[in-house]
2 protein chains.
Amino acid sequence: MTAVGIIAEYNPFHNGHAYHLAQAKMLTGAETTVVVMSGNFVQRGVPAIFDKWQRTSLALEGGADVVYELPFAYAVQPAHLFARGAVNLLARAGVDTIVFGAEHAQLDFLALAKQARSLLMSNQAFRTDYTQTYATVFNDVLAQATGERLSEPNDLLGFAYATAVLELDLADEIRLLPIQRIGAAYHQTAITDSQIASATALRDLMQRRVSAHEYEPFVSSQAAGLLSQGPQTKEWSTDWYHLLQYKVLTTPVEELSTIYQLNDGLAYRLKEQITRQTDADYQTFMTSLKSKRYTWSRLQRTLLYTLLNIRQQEMQQALGQPYLRLLGASKAGRAFIKQQRKHVSIPVVNRVTHEDTTDILTLDYRAGKLYELMIKQPVRQAMDTGRIPLFTE
Amino acid sequence: MTAVGIIAEYNPFHNGHAYHLAQAKMLTGAETTVVVMSGNFVQRGVPAIFDKWQRTSLALEGGADVVYELPFAYAVQPAHLFARGAVNLLARAGVDTIVFGAEHAQLDFLALAKQARSLLMSNQAFRTDYTQTYATVFNDVLAQATGERLSEPNDLLGFAYATAVLELDLADEIRLLPIQRIGAAYHQTAITDSQIASATALRDLMQRRVSAHEYEPFVSSQAAGLLSQGPQTKEWSTDWYHLLQYKVLTTPVEELSTIYQLNDGLAYRLKEQITRQTDADYQTFMTSLKSKRYTWSRLQRTLLYTLLNIRQQEMQQALGQPYLRLLGASKAGRAFIKQQRKHVSIPVVNRVTHEDTTDILTLDYRAGKLYELMIKQPVRQAMDTGRIPLFTE
């Protein structure tokens, strides 16, 4: 029994994702799909519009056989760490191929990564230019090595997966299979008449609170019903920003400096900007904080680390402790898990124990508790303890 | 020029307070009154219903000549520390008498304190029974020494003032003058037909959002107008509790244990109770946290320290750094301040500098910022930086 791996956020799951799952199976001949999916927070440093359980449910309905959670420590990171965490988990889970969408599927991503890597290792200058983001530096290396310059988001992610395969020494075990993205581009916000809308476009539609039938061309009917109810929590809304203000106002700058990524004077700037004007809204604040040095996503992630009180040491520890947290599986998925059981060399978490919450799951548990607190519902469901994986037939 | 000292919270200022100020002058013959008033948070560990500037304004209008802020480190403390901080500041400010209301003004509080103190020092048992609150232990000592048992809140405070005078070795400099409380008892909630209503009764009236004329028998017309607008922020409302939940959920128990007073397993209990049910409201939560060991006020103060992220070390430092923060003064008050200037041996703060906010004013500034954040207004006024004392004619 073979499995093909997919790395996803499913924020939210739509027809494009279902198509991708079907293609992955068809192209590889694998019997099962294994998805590694971000948990309650996504890579841009914002809460997902639905919690990981809702998103798992839609993914299983849409063709996923196994859904593992990509732990917070990997999920809310720049592309290279995100990719490394996800590729590692898929390899540990026993997949032999990772299929991913790319704007230019004809590229040989592994070859590009090899070339870039050897150049990077031989050229000190690339590694010491800290005024550039990692993505920019890597892309510069790539352009110099190959003449190719990747600019589309999925191409860049593909390149990050390939780099991860090299760094994890998995080139003999894992095949990377790019497939041509169809339909909506990642950032596309307009709804077209095709059956594929981007997740971005769907989230925008949700802001307008349209009825279920407006989503039906693009998602399953179960998903359409869910989307019509609006997001469980809004990205960086007033509510989230209020907590950030509280956190920063009550934390001395020396203590803020111990937060992961909140170094190099950023702690000081954050303190200053939040303190100066408690009236400002999130957009105004972000504009005042933004500089050329940091991308918007990098800043948002850093604010999320701050909000979650994640210390450097905690993040380092979490990054060094990969585990497979099962969120859900189909019957075929369960058969695959059973088959692989003996070969999995990292902890597998099906039910979260009290010990897990202060050990291996520290960050995910904390992130889940915050997400839970921010859900606007009369009764909030716990995100971790007391939950069991979703099993479908 | 002489001054009589008064210790107050003025939450809110009412006719009873105005009467007290007038009596204090009349009985002592002092030309001016010097008030040491709690800032934005009061002794029970809750935010004041109006910020310190609004309350200073009403106090000046009602007969106070000088209003100094009782720093957070003293104001939000059990009676003995509250009293010691306030008595010390009044002595430093140059008053020779402290007048306070008592249910039994005929008692010789200084004599009682002396007796209790000598017994306390000679009897180890009283000092080691940590299952009792400080107030209970002291009262037991007192009862054994004198046959008197103080049970009324203002009597107990008077006893704390007397103990502070002894501990600070001020018996030769400061005279304590109790005056009989008239009208409403401290905890009385019913509005009677006298012109004196307790602050508690007025706060209860505010919950019902009555119109200004309902307050007019009990407060000035300026105060009545303010009270009719409702509190600037509600005590431990949903908003405040939400922040506490956030704080506790995102802070590991080891880190919580470094908060002032959050020791002896209380950090662990707090974490457990908050985590168990994110749905619970403040009352339910408090009931679950409450035990015989801690009074409700002690717990509320501890929650406020937690909310303000006050570490043991920060509090110890603040307790050792008394200063006189001027909030407002009448013309006579300013003359008195000028006369005393050369004799004041602790820092005097009229305007808060940027340096003050991370030095001597660390805790008060932080408390002010949190209060400011919680004010429900389109534009929030800063509590410290950029503010100057209120000067009246």
# chains A, B, ... in the order shown; residues from 1 in each chain; ligands from 1
call {"tool": "interface_residues", "arguments": {"of": "chain B", "to": "chain A", "cutoff": "7 Å", "atoms": "only C-alpha atoms", "output": "NGL selection string"}}
result
:B and (246 or 249-251 or 278-279 or 308-309 or 366 or 369-370 or 373 or 379-380)
call {"tool": "write_last_selection", "arguments": {"atoms": "N, CA, C and O atoms", "output": "CSV table (one decimal), in the first residue's frame"}}
result
chain,number,residue,atom,x,y,z
B,246,TYR,N,-6.6,35.2,28.8
B,246,TYR,CA,-5.5,35.2,27.8
B,246,TYR,C,-4.1,35.1,28.5
B,246,TYR,O,-3.3,34.3,28.1
B,249,LEU,N,-3.6,31.6,30.0
B,249,LEU,CA,-3.5,30.5,29.0
B,249,LEU,C,-2.2,30.5,28.2
B,249,LEU,O,-1.7,29.5,27.7
B,250,THR,N,-1.6,31.7,28.1
B,250,THR,CA,-0.4,31.8,27.3
B,250,THR,C,0.9,31.9,28.1
B,250,THR,O,2.0,32.1,27.6
B,251,THR,N,0.7,31.7,29.4
B,251,THR,CA,1.9,31.7,30.3
B,251,THR,C,2.1,30.4,31.0
B,251,THR,O,1.2,29.9,31.7
B,278,THR,N,-12.7,27.5,29.4
B,278,THR,CA,-12.6,28.8,28.9
B,278,THR,C,-14.0,29.5,28.8
B,278,THR,O,-14.0,30.7,28.5
B,279,ASP,N,-15.0,28.8,29.0
B,279,ASP,CA,-16.4,29.3,28.9
B,279,ASP,C,-16.8,30.0,30.2
B,279,ASP,O,-17.8,30.8,30.1
B,308,LEU,N,-1.2,42.4,35.4
B,308,LEU,CA,-0.2,43.5,35.1
B,308,LEU,C,1.2,42.9,35.1
B,308,LEU,O,2.2,43.7,34.9
B,309,ASN,N,1.3,41.6,35.1
B,309,ASN,CA,2.6,40.9,34.9
B,309,ASN,C,3.7,41.5,35.9
B,309,ASN,O,4.8,41.7,35.6
B,366,ARG,N,2.6,51.2,34.0
B,366,ARG,CA,2.0,50.0,33.4
B,366,ARG,C,0.5,49.9,33.8
B,366,ARG,O,-0.3,49.6,32.9
B,369,LYS,N,-1.4,52.4,31.8
B,369,LYS,CA,-1.6,52.0,30.4
B,369,LYS,C,-2.7,51.0,30.2
B,369,LYS,O,-3.5,51.0,29.3
B,370,LEU,N,-2.7,50.0,31.2
B,370,LEU,CA,-3.8,49.0,31.1
B,370,LEU,C,-5.1,49.7,31.3
B,370,LEU,O,-6.1,49.4,30.6
B,373,LEU,N,-6.2,51.4,28.2
B,373,LEU,CA,-6.6,50.5,27.2
B,373,LEU,C,-8.0,50.0,27.4
B,373,LEU,O,-8.8,49.7,26.5
B,379,VAL,N,-11.6,58.3,22.1
B,379,VAL,CA,-10.3,58.8,22.3
B,379,VAL,C,-9.9,58.6,23.8
B,379,VAL,O,-10.6,59.0,24.7
B,380,ARG,N,-8.8,57.9,24.0
B,380,ARG,CA,-8.3,57.7,25.4
B,380,ARG,C,-7.3,58.6,25.8
B,380,ARG,O,-6.3,58.8,25.0
call {"tool": "residues_around", "arguments": {"residues": "region 258-268 of chain B", "least_positions_apart": "6", "cutoff": "9 Å", "atoms": "only C-alpha atoms", "output": "mmCIF file with N, CA, C and O atoms, in the first residue's frame"}}
result
data_model
loop_
_atom_site.group_PDB
_atom_site.id
_atom_site.type_symbol
_atom_site.label_atom_id
_atom_site.label_comp_id
_atom_site.auth_asym_id
_atom_site.auth_seq_id
_atom_site.Cartn_x
_atom_site.Cartn_y
_atom_site.Cartn_z
ATOM 1 N N LEU B 289 -11.887 29.175 42.369
ATOM 2 C CA LEU B 289 -10.526 29.463 42.848
ATOM 3 C C LEU B 289 -10.481 29.710 44.357
ATOM 4 O O LEU B 289 -9.500 29.430 45.030
ATOM 5 N N ARG B 301 -6.557 40.910 44.206
ATOM 6 C CA ARG B 301 -5.284 41.623 44.056
ATOM 7 C C ARG B 301 -4.271 40.761 43.315
ATOM 8 O O ARG B 301 -3.563 41.244 42.420
ATOM 9 N N THR B 302 -4.223 39.487 43.668
ATOM 10 C CA THR B 302 -3.256 38.596 43.026
ATOM 11 C C THR B 302 -3.558 38.468 41.529
ATOM 12 O O THR B 302 -2.651 38.434 40.701
ATOM 13 N N LEU B 303 -4.836 38.420 41.192
ATOM 14 C CA LEU B 303 -5.206 38.362 39.776
ATOM 15 C C LEU B 303 -4.794 39.651 39.061
ATOM 16 O O LEU B 303 -4.376 39.628 37.902
ATOM 17 N N TYR B 305 -2.226 41.561 39.941
ATOM 18 C CA TYR B 305 -0.767 41.489 39.750
ATOM 19 C C TYR B 305 -0.460 40.623 38.524
ATOM 20 O O TYR B 305 0.450 40.926 37.748
ATOM 21 N N THR B 306 -1.218 39.556 38.389
ATOM 22 C CA THR B 306 -1.011 38.651 37.253
ATOM 23 C C THR B 306 -1.297 39.378 35.948
ATOM 24 O O THR B 306 -0.513 39.330 34.996
ATOM 25 N N ASN B 309 1.309 41.590 35.132
ATOM 26 C CA ASN B 309 2.615 40.944 34.935
ATOM 27 C C ASN B 309 3.655 41.479 35.926
ATOM 28 O O ASN B 309 4.799 41.733 35.570
ATOM 29 N N ILE B 310 3.235 41.649 37.167
ATOM 30 C CA ILE B 310 4.142 42.204 38.174
ATOM 31 C C ILE B 310 4.920 41.082 38.857
ATOM 32 O O ILE B 310 4.339 40.234 39.527
ATOM 33 N N ARG B 311 6.227 41.107 38.660
ATOM 34 C CA ARG B 311 7.086 40.082 39.236
ATOM 35 C C ARG B 311 7.415 40.433 40.682
ATOM 36 O O ARG B 311 7.409 41.603 41.066
ATOM 37 N N GLN B 312 7.748 39.416 41.430
ATOM 38 C CA GLN B 312 8.121 39.600 42.836
ATOM 39 C C GLN B 312 9.150 40.719 42.977
ATOM 40 O O GLN B 312 9.023 41.610 43.811
ATOM 41 N N GLN B 313 10.167 40.604 42.128
ATOM 42 C CA GLN B 313 11.286 41.528 42.211
ATOM 43 C C GLN B 313 10.843 42.966 41.909
ATOM 44 O O GLN B 313 11.278 43.918 42.562
ATOM 45 N N GLU B 314 9.972 43.109 40.931
ATOM 46 C CA GLU B 314 9.472 44.446 40.593
ATOM 47 C C GLU B 314 8.722 45.055 41.765
ATOM 48 O O GLU B 314 8.852 46.244 42.059
ATOM 49 N N MET B 315 7.901 44.237 42.412
ATOM 50 C CA MET B 315 7.130 44.760 43.534
ATOM 51 C C MET B 315 8.039 45.130 44.696
ATOM 52 O O MET B 315 7.868 46.187 45.312
ATOM 53 N N GLN B 316 9.015 44.281 44.975
ATOM 54 C CA GLN B 316 9.935 44.591 46.073
ATOM 55 C C GLN B 316 10.668 45.900 45.798
ATOM 56 O O GLN B 316 10.840 46.725 46.696
#
call {"tool": "residues_around", "arguments": {"residues": "Ser151 (chain A)", "least_positions_apart": "4", "cutoff": "12 Å", "atoms": "only C-alpha atoms", "output": "PyMOL selection string"}}
result
chain A and resi 102-104+135-136+138-140+142-143+155-159
call {"tool": "residues_around", "arguments": {"residues": "region 23-26 of chain A", "least_positions_apart": "6", "cutoff": "9 Å", "atoms": "only C-alpha atoms", "output": "list of chain:residue names"}}
result
A:Ala3, A:Val4, A:Gly5, A:Ile6, A:Thr32, A:Thr33, A:Ile98, A:Val99, A:Phe100, A:Leu177, A:Ile179
call {"tool": "write_last_selection", "arguments": {"atoms": "N, CA, C and O atoms", "output": "short mmCIF file (atom, residue, chain, number, x, y, z; two decimals), in the first residue's frame"}}
result
data_model
loop_
_atom_site.label_atom_id
_atom_site.label_comp_id
_atom_site.auth_asym_id
_atom_site.auth_seq_id
_atom_site.Cartn_x
_atom_site.Cartn_y
_atom_site.Cartn_z
N ALA A 3 1.43 5.61 -0.41
CA ALA A 3 0.76 6.88 -0.09
C ALA A 3 1.49 8.03 -0.75
O ALA A 3 2.72 8.03 -0.83
N VAL A 4 0.73 9.01 -1.18
CA VAL A 4 1.31 10.23 -1.72
C VAL A 4 1.07 11.36 -0.71
O VAL A 4 0.01 11.44 -0.09
N GLY A 5 2.07 12.20 -0.53
CA GLY A 5 1.98 13.24 0.49
C GLY A 5 1.65 14.60 -0.07
O GLY A 5 2.04 14.94 -1.19
N ILE A 6 0.93 15.34 0.72
CA ILE A 6 0.51 16.70 0.33
C ILE A 6 0.68 17.64 1.52
O ILE A 6 0.40 17.25 2.66
N THR A 32 -3.44 5.88 -1.26
CA THR A 32 -3.89 6.82 -0.22
C THR A 32 -3.15 8.15 -0.32
O THR A 32 -2.03 8.24 -0.82
N THR A 33 -3.83 9.17 0.22
CA THR A 33 -3.21 10.50 0.31
C THR A 33 -2.96 10.81 1.78
O THR A 33 -3.84 10.60 2.63
N ILE A 98 5.88 13.41 -2.85
CA ILE A 98 5.13 14.60 -2.43
C ILE A 98 4.69 15.33 -3.69
O ILE A 98 5.52 15.66 -4.55
N VAL A 99 3.41 15.52 -3.79
CA VAL A 99 2.86 16.24 -4.95
C VAL A 99 2.52 17.66 -4.51
O VAL A 99 1.94 17.87 -3.44
N PHE A 100 2.91 18.62 -5.32
CA PHE A 100 2.58 20.01 -4.98
C PHE A 100 2.25 20.79 -6.24
O PHE A 100 2.76 20.49 -7.33
N LEU A 177 6.93 15.77 -6.95
CA LEU A 177 6.18 15.80 -8.20
C LEU A 177 5.34 17.08 -8.30
O LEU A 177 4.27 17.16 -7.70
N ILE A 179 2.79 19.60 -9.93
CA ILE A 179 1.73 19.55 -10.96
C ILE A 179 1.28 20.97 -11.26
O ILE A 179 1.33 21.86 -10.41
#
call {"tool": "closest_residue", "arguments": {"among": "A:Lys331, A:Asp169, A:Arg181, A:Glu355", "to": "Asp65 (chain A)", "atoms": "only C-alpha atoms"}}
result
A:Lys331
call {"tool": "closest_residue", "arguments": {"among": "B:Trp296, B:Tyr323, B:Trp236, B:Phe218", "to": "Asn15 (chain B)", "atoms": "only C-alpha atoms"}}
result
B:Phe218
call {"tool": "closest_residue", "arguments": {"among": "B:Gln77, B:Asp359, B:Val95, B:Leu170", "to": "Ala30 (chain B)", "atoms": "only C-alpha atoms"}}
result
B:Val95
call {"tool": "residues_around", "arguments": {"residues": "Ala164 (chain B)", "least_positions_apart": "4", "cutoff": "7 Å", "atoms": "only C-alpha atoms", "output": "list in words"}}
result
Ala83, Arg84, Val87, Ala160 and Leu168 of chain B
call {"tool": "select_by_dssp", "arguments": {"residues": "region 174-324 of chain A", "states": "helix (DSSP H, G or I)", "output": "ChimeraX atom specification"}}
result
/A:199-207,212-214,221-228,238-249,253-256,266-276,282-289,296-307,312-319
call {"tool": "residues_around", "arguments": {"residues": "Gln222 (chain B)", "least_positions_apart": "2", "cutoff": "12 Å", "atoms": "only C-alpha atoms", "output": "list in words"}}
result
Pro12, Phe13, His14, Gln54, Arg55, Ser57, Leu58, Ala59, Leu60, Glu61, Gly62, Ala212, His213, Tyr215, Glu216, Phe218, Val219, Ser220, Ala224, Gly225, Leu226, Leu227, Ser228 and Gln229 of chain B
call {"tool": "select_by_dssp", "arguments": {"residues": "region 17-201 of chain A", "states": "strand (DSSP E or B)", "output": "list in words"}}
result
Thr32, Thr33, Val34, Val35, Val36, Met37, Ser38, Phe41, Val42, Val46, Pro47, Val66, Val67, Tyr68, Glu69, Leu70, Thr97, Ile98, Val99, Phe100, Gly101, Ala102, Arg175, Leu176, Leu177, Pro178, Ile179 and Gln180 of chain A
call {"tool": "decode", "arguments": {"residues": "region 30-43 of chain A", "atoms": "all heavy atoms", "output": "mmCIF file, in the first residue's frame"}}
result
data_model
loop_
_atom_site.group_PDB
_atom_site.id
_atom_site.type_symbol
_atom_site.label_atom_id
_atom_site.label_comp_id
_atom_site.auth_asym_id
_atom_site.auth_seq_id
_atom_site.Cartn_x
_atom_site.Cartn_y
_atom_site.Cartn_z
ATOM 1 N N ALA A 30 -0.808 5.953 -6.221
ATOM 2 C CA ALA A 30 -0.880 5.655 -4.788
ATOM 3 C C ALA A 30 -2.321 5.365 -4.384
ATOM 4 O O ALA A 30 -3.260 5.927 -4.944
ATOM 5 C CB ALA A 30 -0.336 6.836 -3.975
ATOM 6 N N GLU A 31 -2.481 4.481 -3.383
ATOM 7 C CA GLU A 31 -3.839 4.169 -2.905
ATOM 8 C C GLU A 31 -4.353 5.213 -1.926
ATOM 9 O O GLU A 31 -5.562 5.354 -1.753
ATOM 10 C CB GLU A 31 -3.859 2.798 -2.212
ATOM 11 C CG GLU A 31 -3.731 1.622 -3.155
ATOM 12 C CD GLU A 31 -2.344 1.014 -3.096
ATOM 13 O OE1 GLU A 31 -1.399 1.715 -2.674
ATOM 14 O OE2 GLU A 31 -2.206 -0.156 -3.479
ATOM 15 N N THR A 32 -3.440 5.878 -1.257
ATOM 16 C CA THR A 32 -3.887 6.820 -0.219
ATOM 17 C C THR A 32 -3.150 8.154 -0.317
ATOM 18 O O THR A 32 -2.030 8.235 -0.821
ATOM 19 C CB THR A 32 -3.629 6.249 1.201
ATOM 20 O OG1 THR A 32 -2.265 5.871 1.280
ATOM 21 C CG2 THR A 32 -4.521 5.058 1.495
ATOM 22 N N THR A 33 -3.828 9.173 0.217
ATOM 23 C CA THR A 33 -3.207 10.505 0.313
ATOM 24 C C THR A 33 -2.959 10.809 1.784
ATOM 25 O O THR A 33 -3.843 10.598 2.633
ATOM 26 C CB THR A 33 -4.129 11.595 -0.250
ATOM 27 O OG1 THR A 33 -5.406 11.494 0.379
ATOM 28 C CG2 THR A 33 -4.295 11.448 -1.750
ATOM 29 N N VAL A 34 -1.776 11.306 2.079
ATOM 30 C CA VAL A 34 -1.448 11.723 3.444
ATOM 31 C C VAL A 34 -1.191 13.231 3.408
ATOM 32 O O VAL A 34 -0.306 13.695 2.691
ATOM 33 C CB VAL A 34 -0.211 10.988 3.987
ATOM 34 C CG1 VAL A 34 0.190 11.551 5.352
ATOM 35 C CG2 VAL A 34 -0.476 9.492 4.076
ATOM 36 N N VAL A 35 -1.995 13.959 4.178
ATOM 37 C CA VAL A 35 -1.887 15.415 4.180
ATOM 38 C C VAL A 35 -1.239 15.879 5.484
ATOM 39 O O VAL A 35 -1.599 15.401 6.555
ATOM 40 C CB VAL A 35 -3.277 16.074 4.056
ATOM 41 C CG1 VAL A 35 -3.172 17.588 4.136
ATOM 42 C CG2 VAL A 35 -3.945 15.654 2.756
ATOM 43 N N VAL A 36 -0.291 16.786 5.363
ATOM 44 C CA VAL A 36 0.195 17.497 6.537
ATOM 45 C C VAL A 36 -0.378 18.904 6.457
ATOM 46 O O VAL A 36 -0.098 19.637 5.512
ATOM 47 C CB VAL A 36 1.733 17.511 6.599
ATOM 48 C CG1 VAL A 36 2.220 18.518 7.623
ATOM 49 C CG2 VAL A 36 2.251 16.130 6.945
ATOM 50 N N MET A 37 -1.211 19.241 7.420
ATOM 51 C CA MET A 37 -1.981 20.489 7.348
ATOM 52 C C MET A 37 -1.667 21.400 8.546
ATOM 53 O O MET A 37 -1.541 20.923 9.681
ATOM 54 C CB MET A 37 -3.484 20.147 7.358
ATOM 55 C CG MET A 37 -4.406 21.338 7.210
ATOM 56 S SD MET A 37 -6.164 20.872 7.410
ATOM 57 C CE MET A 37 -6.268 20.840 9.212
ATOM 58 N N SER A 38 -1.535 22.679 8.303
ATOM 59 C CA SER A 38 -1.368 23.649 9.388
ATOM 60 C C SER A 38 -2.501 23.492 10.394
ATOM 61 O O SER A 38 -3.613 23.126 10.017
ATOM 62 C CB SER A 38 -1.421 25.076 8.858
ATOM 63 O OG SER A 38 -0.445 25.268 7.873
ATOM 64 N N GLY A 39 -2.221 23.806 11.652
ATOM 65 C CA GLY A 39 -3.242 23.703 12.688
ATOM 66 C C GLY A 39 -4.141 24.927 12.739
ATOM 67 O O GLY A 39 -4.693 25.343 11.722
ATOM 68 N N ASN A 40 -4.266 25.516 13.902
ATOM 69 C CA ASN A 40 -5.200 26.630 14.058
ATOM 70 C C ASN A 40 -4.651 27.969 13.570
ATOM 71 O O ASN A 40 -5.388 28.940 13.485
ATOM 72 C CB ASN A 40 -5.629 26.739 15.516
ATOM 73 C CG ASN A 40 -6.448 25.543 15.955
ATOM 74 O OD1 ASN A 40 -7.405 25.158 15.277
ATOM 75 N ND2 ASN A 40 -6.061 24.920 17.061
ATOM 76 N N PHE A 41 -3.374 28.005 13.281
ATOM 77 C CA PHE A 41 -2.770 29.230 12.745
ATOM 78 C C PHE A 41 -2.017 28.890 11.470
ATOM 79 O O PHE A 41 -1.441 27.811 11.353
ATOM 80 C CB PHE A 41 -1.824 29.854 13.776
ATOM 81 C CG PHE A 41 -2.537 30.345 15.002
ATOM 82 C CD1 PHE A 41 -2.769 29.491 16.068
ATOM 83 C CD2 PHE A 41 -3.017 31.648 15.077
ATOM 84 C CE1 PHE A 41 -3.457 29.927 17.197
ATOM 85 C CE2 PHE A 41 -3.698 32.097 16.192
ATOM 86 C CZ PHE A 41 -3.927 31.231 17.266
ATOM 87 N N VAL A 42 -2.037 29.804 10.527
ATOM 88 C CA VAL A 42 -1.419 29.524 9.229
ATOM 89 C C VAL A 42 -0.131 30.328 9.048
ATOM 90 O O VAL A 42 0.231 31.164 9.889
ATOM 91 C CB VAL A 42 -2.422 29.772 8.068
ATOM 92 C CG1 VAL A 42 -3.616 28.828 8.197
ATOM 93 C CG2 VAL A 42 -2.862 31.217 8.025
ATOM 94 N N GLN A 43 0.515 30.049 7.931
ATOM 95 C CA GLN A 43 1.881 30.518 7.741
ATOM 96 C C GLN A 43 2.040 32.037 7.805
ATOM 97 O O GLN A 43 3.068 32.539 8.253
ATOM 98 C CB GLN A 43 2.410 30.002 6.397
ATOM 99 C CG GLN A 43 3.923 29.868 6.353
ATOM 100 C CD GLN A 43 4.488 30.397 5.050
ATOM 101 O OE1 GLN A 43 3.815 30.452 4.030
ATOM 102 N NE2 GLN A 43 5.748 30.795 5.086
#
